[in-house]
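See structure below.
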Amino acid sequence: RQRQMCIRDSIYIMKIAIGNDHAAVELKKTIMEYVESMGHEVTNFGTDSSESCNYPEYGEKVANAVASGEFDCGILICGTGVGISIAANKVNGIRAAVCSDTATARLVKQHNNANIIAFGERIVGVELAKDIVKAYLTAEFEGGRHAKRIAMISDIIGGIIKTLSGLLDFLTGIFTGNWDKAWGGIKKAFNGVWETMEGVAKGTINILIDGINMLWGGVYNVVK
Ligand code: RB5
C-alpha cells in the first residue's frame with residue numbers, strides 16, 4: 001500500500017488496522033489515540049469487550065485486512081503478543097513480529113519489513129508500548145539483501161501449493177515467452193512434489209509408529 005500513502009505536515013499518513021483480545025482492551029484504546037495523534041488513520045477490528053474471547057479471530061481479521069492491501073500495516077495486542085501474532089502469520093503475505101523493546105521494533109521494519117507489529121499488555125507498560133509503536137512506524141525498510149531473504153520466506157509454502165504455483169509460473173512463462181520464469185516454475189513444481197511426498201512419507205511413518213505404540217501398550221496391559 002506504500003504507493004497510496006499521503007503526506008500531511010511532512011509525515012506519511014498511514015492507514016493502520018488494529019486488533020486485540022480481551023487481555024488488551026485498555027492498551028488498544030491508548031495506542032489508537034496515540035497513533036491518531038501522530039496523524040495516522042486507525043481502523044479498529046476489536047474486541048472492545050473485556051469478556052474472554054479467542055485471539056486467533058482478531059489476529060486473522062487484522063492480518064486479512066493488511067494482506068488485502070487496504071492497510072499499510074497492522075498492530076496486534078494480546079496478553080503477550082505471541083498468540084495473536086502466530087495467528088496473523090498464518091495469513092499469506094503477513095510478517096507479524098512480536099516486540100517488547102524499541103530496538104526490535106525498529107529492526108523488524110528495517111530488516112524484516114514486518115507488516116504487523118505485536119506486543120503484550122501483560123508484558124510492556126503503556127509508555128514502552130507507545131515507544132515501540134513509534135519506533136516501528138517511523139522506521140523504513142532497508143531492502144537490498146533483506147529483500148532477498150523476505151522473498152525466501154514467501155517461498156516457504158506447503159508442497160501442494162508450491163506445486164500449483166510452480167505450474168502456474170511455468171504456464172505464464174510459456175505464454176509470455178519468459179523462459180526464466182517457465183524454468184523457475186518447473187523447478188518450483190518439482191520441489192513441491194518432492195515436499196508433498198516427503199510430508200506423506202513422514203505422516204505415514206508417524207501413523208505406523210503410533211499404531212505400534214498403541215499395540216505395544218495393549219499387549220503390555222494384558223500381560224500385566
Ligand atoms: C489470554 O488469556 C492470553 O492467553 C492471550 O491474550 C495471549 O497472551 C496469548 O498468546
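Here, A, B, ... name the chains of the C-alpha cells in the order displayed, residue numbers run from 1 inside each chain, and ligands are numbered from 1 in the same displayed order.
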Residues at most 12 Å from Leu137 of chain A, counting only C-alpha atoms, excluding those fewer than 2 positions away in the same chain, as a ChimeraX atom specification?
/A:11-16,34-35,38-40,72-75,102,105-110,113-117,130-135,139-141
When the cut-off is 9 Å and you count only C-alpha atoms and all ligand atoms, which residues lie near ligand 1, shown as a VMD selection string?
chain A and resid 20 to 24 52 to 56 77 to 86 120 to 122
Segment 55-114 of chain A: residues DSSP assigns to strand (DSSP E), reported as an MDAnalysis selection string
chainID A and resid 73:78 96:98
Okay, now the selection with N, CA and C atoms, as an mmCIF file, in the first residue's frame?
```
data_model
loop_
_atom_site.group_PDB
_atom_site.id
_atom_site.type_symbol
_atom_site.label_atom_id
_atom_site.label_comp_id
_atom_site.auth_asym_id
_atom_site.auth_seq_id
_atom_site.Cartn_x
_atom_site.Cartn_y
_atom_site.Cartn_z
ATOM 1 N N CYS A 73 -0.285 -1.166 7.370
ATOM 2 C CA CYS A 73 0.267 -2.103 8.352
ATOM 3 C C CYS A 73 -0.751 -2.335 9.460
ATOM 4 N N GLY A 74 -0.377 -3.202 10.397
ATOM 5 C CA GLY A 74 -1.308 -3.527 11.474
ATOM 6 C C GLY A 74 -0.635 -3.546 12.830
ATOM 7 N N ILE A 75 -1.465 -3.406 13.852
ATOM 8 C CA ILE A 75 -0.978 -3.510 15.236
ATOM 9 C C ILE A 75 -1.859 -4.526 15.950
ATOM 10 N N LEU A 76 -1.235 -5.518 16.579
ATOM 11 C CA LEU A 76 -1.999 -6.545 17.296
ATOM 12 C C LEU A 76 -1.524 -6.613 18.745
ATOM 13 N N ILE A 77 -2.479 -6.691 19.647
ATOM 14 C CA ILE A 77 -2.110 -6.754 21.065
ATOM 15 C C ILE A 77 -2.924 -7.854 21.752
ATOM 16 N N CYS A 78 -2.239 -8.699 22.506
ATOM 17 C CA CYS A 78 -2.950 -9.647 23.374
ATOM 18 C C CYS A 78 -2.204 -9.655 24.707
ATOM 19 N N ALA A 96 4.235 -10.826 10.834
ATOM 20 C CA ALA A 96 3.905 -10.199 12.119
ATOM 21 C C ALA A 96 5.033 -10.468 13.101
ATOM 22 N N ALA A 97 5.482 -9.420 13.786
ATOM 23 C CA ALA A 97 6.619 -9.577 14.699
ATOM 24 C C ALA A 97 6.256 -9.102 16.101
ATOM 25 N N VAL A 98 6.564 -9.934 17.085
ATOM 26 C CA VAL A 98 6.334 -9.549 18.480
ATOM 27 C C VAL A 98 7.516 -8.720 18.943
#
```
From a DSSP calculation on the backbone, collect every residue of segment 81-121 of chain A in alpha helix (DSSP H) and output the set as a PyMOL selection string.
chain A and resi 82-88+102-110
Using only C-alpha atoms, determine which residues lie at most 12 Å from Ile186 of chain A, disregarding the query and same-chain residues fewer than 2 positions distant; provide the list as an MDAnalysis selection string.
chainID A and resid 162:174 179:184 188:193
Write the residues of the selection above to a file with N, CA and C atoms, as a PDB file, in the first residue's frame.
```pdb
ATOM      1  N   LYS A 162       2.946 -25.157  -3.479  1.00  0.00           N
ATOM      2  CA  LYS A 162       4.170 -24.869  -4.243  1.00  0.00           C
ATOM      3  C   LYS A 162       4.090 -25.514  -5.631  1.00  0.00           C
ATOM      4  N   THR A 163       3.571 -26.733  -5.691  1.00  0.00           N
ATOM      5  CA  THR A 163       3.450 -27.410  -6.988  1.00  0.00           C
ATOM      6  C   THR A 163       2.529 -26.609  -7.904  1.00  0.00           C
ATOM      7  N   LEU A 164       1.357 -26.227  -7.371  1.00  0.00           N
ATOM      8  CA  LEU A 164       0.393 -25.491  -8.206  1.00  0.00           C
ATOM      9  C   LEU A 164       0.963 -24.150  -8.640  1.00  0.00           C
ATOM     10  N   SER A 165       1.615 -23.467  -7.683  1.00  0.00           N
ATOM     11  CA  SER A 165       2.162 -22.150  -8.014  1.00  0.00           C
ATOM     12  C   SER A 165       3.297 -22.291  -9.036  1.00  0.00           C
ATOM     13  N   GLY A 166       4.079 -23.390  -8.936  1.00  0.00           N
ATOM     14  CA  GLY A 166       5.145 -23.646  -9.909  1.00  0.00           C
ATOM     15  C   GLY A 166       4.555 -23.875 -11.292  1.00  0.00           C
ATOM     16  N   LEU A 167       3.465 -24.662 -11.351  1.00  0.00           N
ATOM     17  CA  LEU A 167       2.835 -24.931 -12.649  1.00  0.00           C
ATOM     18  C   LEU A 167       2.286 -23.644 -13.267  1.00  0.00           C
ATOM     19  N   LEU A 168       1.723 -22.809 -12.394  1.00  0.00           N
ATOM     20  CA  LEU A 168       1.182 -21.527 -12.876  1.00  0.00           C
ATOM     21  C   LEU A 168       2.310 -20.661 -13.443  1.00  0.00           C
ATOM     22  N   ASP A 169       3.429 -20.599 -12.693  1.00  0.00           N
ATOM     23  CA  ASP A 169       4.593 -19.830 -13.173  1.00  0.00           C
ATOM     24  C   ASP A 169       5.063 -20.385 -14.516  1.00  0.00           C
ATOM     25  N   PHE A 170       5.070 -21.727 -14.606  1.00  0.00           N
ATOM     26  CA  PHE A 170       5.531 -22.378 -15.834  1.00  0.00           C
ATOM     27  C   PHE A 170       4.642 -21.959 -17.014  1.00  0.00           C
ATOM     28  N   LEU A 171       3.315 -22.058 -16.826  1.00  0.00           N
ATOM     29  CA  LEU A 171       2.391 -21.716 -17.919  1.00  0.00           C
ATOM     30  C   LEU A 171       2.480 -20.237 -18.275  1.00  0.00           C
ATOM     31  N   THR A 172       2.544 -19.384 -17.233  1.00  0.00           N
ATOM     32  CA  THR A 172       2.655 -17.942 -17.503  1.00  0.00           C
ATOM     33  C   THR A 172       3.937 -17.662 -18.278  1.00  0.00           C
ATOM     34  N   GLY A 173       5.016 -18.349 -17.850  1.00  0.00           N
ATOM     35  CA  GLY A 173       6.310 -18.162 -18.525  1.00  0.00           C
ATOM     36  C   GLY A 173       6.234 -18.568 -19.979  1.00  0.00           C
ATOM     37  N   ILE A 174       5.583 -19.716 -20.263  1.00  0.00           N
ATOM     38  CA  ILE A 174       5.470 -20.207 -21.641  1.00  0.00           C
ATOM     39  C   ILE A 174       4.665 -19.225 -22.492  1.00  0.00           C
ATOM     40  N   TRP A 179      11.242 -17.375 -20.454  1.00  0.00           N
ATOM     41  CA  TRP A 179      11.782 -18.728 -20.233  1.00  0.00           C
ATOM     42  C   TRP A 179      12.355 -18.911 -18.840  1.00  0.00           C
ATOM     43  N   ASP A 180      12.899 -17.818 -18.271  1.00  0.00           N
ATOM     44  CA  ASP A 180      13.424 -17.913 -16.894  1.00  0.00           C
ATOM     45  C   ASP A 180      12.313 -18.279 -15.936  1.00  0.00           C
ATOM     46  N   LYS A 181      11.170 -17.601 -16.158  1.00  0.00           N
ATOM     47  CA  LYS A 181      10.023 -17.846 -15.279  1.00  0.00           C
ATOM     48  C   LYS A 181       9.519 -19.279 -15.461  1.00  0.00           C
ATOM     49  N   ALA A 182       9.458 -19.717 -16.736  1.00  0.00           N
ATOM     50  CA  ALA A 182       8.968 -21.070 -17.023  1.00  0.00           C
ATOM     51  C   ALA A 182       9.878 -22.110 -16.367  1.00  0.00           C
ATOM     52  N   TRP A 183      11.188 -21.896 -16.485  1.00  0.00           N
ATOM     53  CA  TRP A 183      12.152 -22.824 -15.896  1.00  0.00           C
ATOM     54  C   TRP A 183      12.047 -22.811 -14.366  1.00  0.00           C
ATOM     55  N   GLY A 184      11.937 -21.602 -13.812  1.00  0.00           N
ATOM     56  CA  GLY A 184      11.779 -21.453 -12.353  1.00  0.00           C
ATOM     57  C   GLY A 184      10.519 -22.177 -11.897  1.00  0.00           C
ATOM     58  N   LYS A 188      10.200 -25.150  -9.211  1.00  0.00           N
ATOM     59  CA  LYS A 188       9.352 -24.963  -8.034  1.00  0.00           C
ATOM     60  C   LYS A 188       8.339 -26.113  -7.928  1.00  0.00           C
ATOM     61  N   ALA A 189       7.760 -26.483  -9.075  1.00  0.00           N
ATOM     62  CA  ALA A 189       6.746 -27.548  -9.077  1.00  0.00           C
ATOM     63  C   ALA A 189       7.362 -28.873  -8.619  1.00  0.00           C
ATOM     64  N   PHE A 190       8.578 -29.189  -9.112  1.00  0.00           N
ATOM     65  CA  PHE A 190       9.221 -30.448  -8.709  1.00  0.00           C
ATOM     66  C   PHE A 190       9.533 -30.442  -7.211  1.00  0.00           C
ATOM     67  N   ASN A 191       9.985 -29.262  -6.773  1.00  0.00           N
ATOM     68  CA  ASN A 191      10.264 -29.075  -5.353  1.00  0.00           C
ATOM     69  C   ASN A 191       9.013 -29.358  -4.526  1.00  0.00           C
ATOM     70  N   GLY A 192       7.890 -28.831  -5.030  1.00  0.00           N
ATOM     71  CA  GLY A 192       6.605 -29.004  -4.347  1.00  0.00           C
ATOM     72  C   GLY A 192       6.202 -30.473  -4.291  1.00  0.00           C
ATOM     73  N   VAL A 193       6.388 -31.180  -5.420  1.00  0.00           N
ATOM     74  CA  VAL A 193       6.031 -32.609  -5.474  1.00  0.00           C
ATOM     75  C   VAL A 193       6.887 -33.362  -4.458  1.00  0.00           C
TER      76      VAL A 193
END
```
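The smallest atom-to-atom distance between Asp48 of chain A and any of A:Gly19, A:Gly199, A:Gly217, A:Gly93, using only C-alpha atoms, is found for A:Gly19.
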Within 8 Å of Phe45 of chain A, counting only C-alpha atoms, which residues qualify if same-chain residues fewer than 6 places away don't, as a PDB file with all heavy atoms, in the first residue's frame?
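Writing done, so here's part_14.pdb:
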```pdb
ATOM      1  N   ALA A  17      -4.478  -0.927  10.647  1.00  0.00           N
ATOM      2  CA  ALA A  17      -5.515  -1.811  11.212  1.00  0.00           C
ATOM      3  C   ALA A  17      -5.054  -2.237  12.603  1.00  0.00           C
ATOM      4  O   ALA A  17      -3.885  -2.583  12.791  1.00  0.00           O
ATOM      5  CB  ALA A  17      -5.679  -3.038  10.321  1.00  0.00           C
ATOM      6  N   ILE A  18      -5.975  -2.201  13.573  1.00  0.00           N
ATOM      7  CA  ILE A  18      -5.585  -2.594  14.929  1.00  0.00           C
ATOM      8  C   ILE A  18      -6.566  -3.626  15.477  1.00  0.00           C
ATOM      9  O   ILE A  18      -7.769  -3.573  15.160  1.00  0.00           O
ATOM     10  CB  ILE A  18      -5.469  -1.338  15.858  1.00  0.00           C
ATOM     11  CG1 ILE A  18      -4.715  -1.693  17.141  1.00  0.00           C
ATOM     12  CG2 ILE A  18      -6.823  -0.737  16.171  1.00  0.00           C
ATOM     13  CD1 ILE A  18      -4.231  -0.461  17.919  1.00  0.00           C
ATOM     14  N   GLY A  19      -6.048  -4.563  16.248  1.00  0.00           N
ATOM     15  CA  GLY A  19      -6.920  -5.588  16.829  1.00  0.00           C
ATOM     16  C   GLY A  19      -6.304  -6.159  18.090  1.00  0.00           C
ATOM     17  O   GLY A  19      -5.095  -6.037  18.319  1.00  0.00           O
ATOM     18  N   ASN A  20      -7.117  -6.789  18.898  1.00  0.00           N
ATOM     19  CA  ASN A  20      -6.653  -7.283  20.206  1.00  0.00           C
ATOM     20  C   ASN A  20      -7.644  -8.287  20.771  1.00  0.00           C
ATOM     21  O   ASN A  20      -8.767  -8.388  20.275  1.00  0.00           O
ATOM     22  CB  ASN A  20      -6.579  -6.092  21.170  1.00  0.00           C
ATOM     23  CG  ASN A  20      -7.930  -5.402  21.319  1.00  0.00           C
ATOM     24  OD1 ASN A  20      -8.347  -4.689  20.389  1.00  0.00           O
ATOM     25  ND2 ASN A  20      -8.621  -5.645  22.401  1.00  0.00           N
ATOM     26  N   TYR A  58      -9.079 -12.278  16.079  1.00  0.00           N
ATOM     27  CA  TYR A  58      -8.700 -10.882  15.836  1.00  0.00           C
ATOM     28  C   TYR A  58      -7.377 -10.789  15.070  1.00  0.00           C
ATOM     29  O   TYR A  58      -7.187  -9.888  14.255  1.00  0.00           O
ATOM     30  CB  TYR A  58      -8.677 -10.118  17.177  1.00  0.00           C
ATOM     31  CG  TYR A  58     -10.056 -10.152  17.783  1.00  0.00           C
ATOM     32  CD1 TYR A  58     -10.408 -11.144  18.706  1.00  0.00           C
ATOM     33  CD2 TYR A  58     -11.035  -9.267  17.347  1.00  0.00           C
ATOM     34  CE1 TYR A  58     -11.697 -11.236  19.199  1.00  0.00           C
ATOM     35  CE2 TYR A  58     -12.325  -9.349  17.833  1.00  0.00           C
ATOM     36  CZ  TYR A  58     -12.652 -10.337  18.753  1.00  0.00           C
ATOM     37  OH  TYR A  58     -13.935 -10.420  19.219  1.00  0.00           O
ATOM     38  N   LYS A  61      -8.424 -11.312  11.498  1.00  0.00           N
ATOM     39  CA  LYS A  61      -9.119 -10.149  10.911  1.00  0.00           C
ATOM     40  C   LYS A  61      -8.127  -9.069  10.479  1.00  0.00           C
ATOM     41  O   LYS A  61      -8.178  -8.571   9.359  1.00  0.00           O
ATOM     42  CB  LYS A  61     -10.073  -9.524  11.954  1.00  0.00           C
ATOM     43  CG  LYS A  61     -11.398 -10.218  12.062  1.00  0.00           C
ATOM     44  CD  LYS A  61     -12.291  -9.458  13.013  1.00  0.00           C
ATOM     45  CE  LYS A  61     -13.546 -10.292  13.290  1.00  0.00           C
ATOM     46  NZ  LYS A  61     -14.393  -9.719  14.318  1.00  0.00           N
ATOM     47  N   VAL A  62      -7.226  -8.734  11.375  1.00  0.00           N
ATOM     48  CA  VAL A  62      -6.253  -7.675  11.060  1.00  0.00           C
ATOM     49  C   VAL A  62      -5.298  -8.144   9.955  1.00  0.00           C
ATOM     50  O   VAL A  62      -4.979  -7.403   9.031  1.00  0.00           O
ATOM     51  CB  VAL A  62      -5.488  -7.247  12.343  1.00  0.00           C
ATOM     52  CG1 VAL A  62      -4.277  -6.390  12.003  1.00  0.00           C
ATOM     53  CG2 VAL A  62      -6.425  -6.501  13.270  1.00  0.00           C
TER      54      VAL A  62
END
```
